[in-house]
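Participant: The structure under discussion is supplied below as structure tokens; questions concerning it will follow.
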Amino acid sequence: MSEQTGKQLSKEEKDARFEAELLPVLDPLYNFAYRLTLDEDDANDLVQETYLKAYRFFDYFEQGTNAKAWLFRILKNSFINEFRKKSKQPAKVDYSEVEGYYNSEDVEGEGGVASTTDMRTESVQDLIGDEVASALNALPVDFRTVIILCDLEGFTYEEMAKILDIPIGTVRSRLHRARNSLKEKLEKYAKSMGYNS
């Protein structure tokens, strides 16, 4: 039901509103998903699942509210649910991938290292540097999430609290601990780049 008119939206109206309000958030949503999953296919799946859920529950979205925060919360919840599901399953090995790797010419031709490149990973690393990207990716997912939401996506503490469904005090303390952890991981790198603390 539409919040403003109290009547059910037609499919055309719903589609038009959905497209106008939620599709512009696609790029930041994908970036968030990629930084959480660290895998292009998983990020695409997560974004697709997020948009499917958003479309299904679009009648509950209040027009004029923060669409980006609403989508990020759906994505975060989907990520957590999938993470829980996967953690309860035994580890799986894709033998065709392993076989393909060991039978490829890259293994023999380059001293045992396959030459696969992910342009998104490269572009993120070009922006923030290999060491910073590695340090960020090495953080626990709760810490990585608050750094991404605050420092890379620009959400306020209040918006982050809603997205993560935690009190604002927890947002602040988690962000503080995450930044300290990141700082510790990057101190040696900073000194090598000529920064003194």
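The way I read the labels, and the way they are meant: chains A, B, ... in the order of the structure tokens, residue 1 as the first residue of every chain, and ligand 1 as the first ligand shown, with later ones counted on from there.
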Find the spatial neighbours of Val171 in chain A, counting only C-alpha atoms, within a cut-off of 9 Å - ignore same-chain residues fewer than 2 positions away - and output them as a list in words.
Facilitator: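 Contacts, with the query itself left out: Val146, Tyr157, Glu158, Met160, Ala161, Leu164, Ile166, Pro167, Ile168, Gly169, Ser173, Arg174, Leu175 and His176 of chain A.
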Participant: Looking at A:Phe58, A:Lys191, A:Asp42, A:Lys68, which one is nearest to Leu26 in chain A, with distances taken over only C-alpha atoms?
Facilitator: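 Closest residue, counting only C-alpha atoms: A:Lys68.
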Participant: Which one is closest to Ala133 in chain A: A:Ser10, A:Leu186, A:Ala33, A:Asp165? Count only C-alpha atoms.
Facilitator: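 Counting only C-alpha atoms, the residue closest to Ala133 in chain A is A:Leu186.
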Participant: From the set A:Ile80, A:Phe32, A:Ile74, A:Leu22, which residue has the shortest atom-to-atom contact distance to Asp151 in chain A, counting only C-alpha atoms?
Facilitator: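 Between A:Ile80, A:Phe32, A:Ile74, A:Leu22, the residue approaching Asp151 in chain A most closely is A:Phe32.
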Participant: Could you give me, as a ChimeraX atom specification, each residue of range 124-157 of chain A that DSSP assigns to helix (DSSP H, G or I) when run on this structure's backbone?
Facilitator: /A:124-128,130-138,141-152,157
Participant: Between CA of Leu71 in chain A and CA of Lys53 in chain A, what is the distance, to one decimal in Å?
Facilitator: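 CA of Lys53 in chain A lies at a distance of 9.3 Å from CA of Leu71 in chain A.
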Participant: Could you state the separation of CA of Arg179 in chain A and CA of Ala138 in chain A in Å, given to one decimal place?
Facilitator: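 Taking CA of Arg179 in chain A as the start and CA of Ala138 in chain A as the end point, the length is 12.6 Å.
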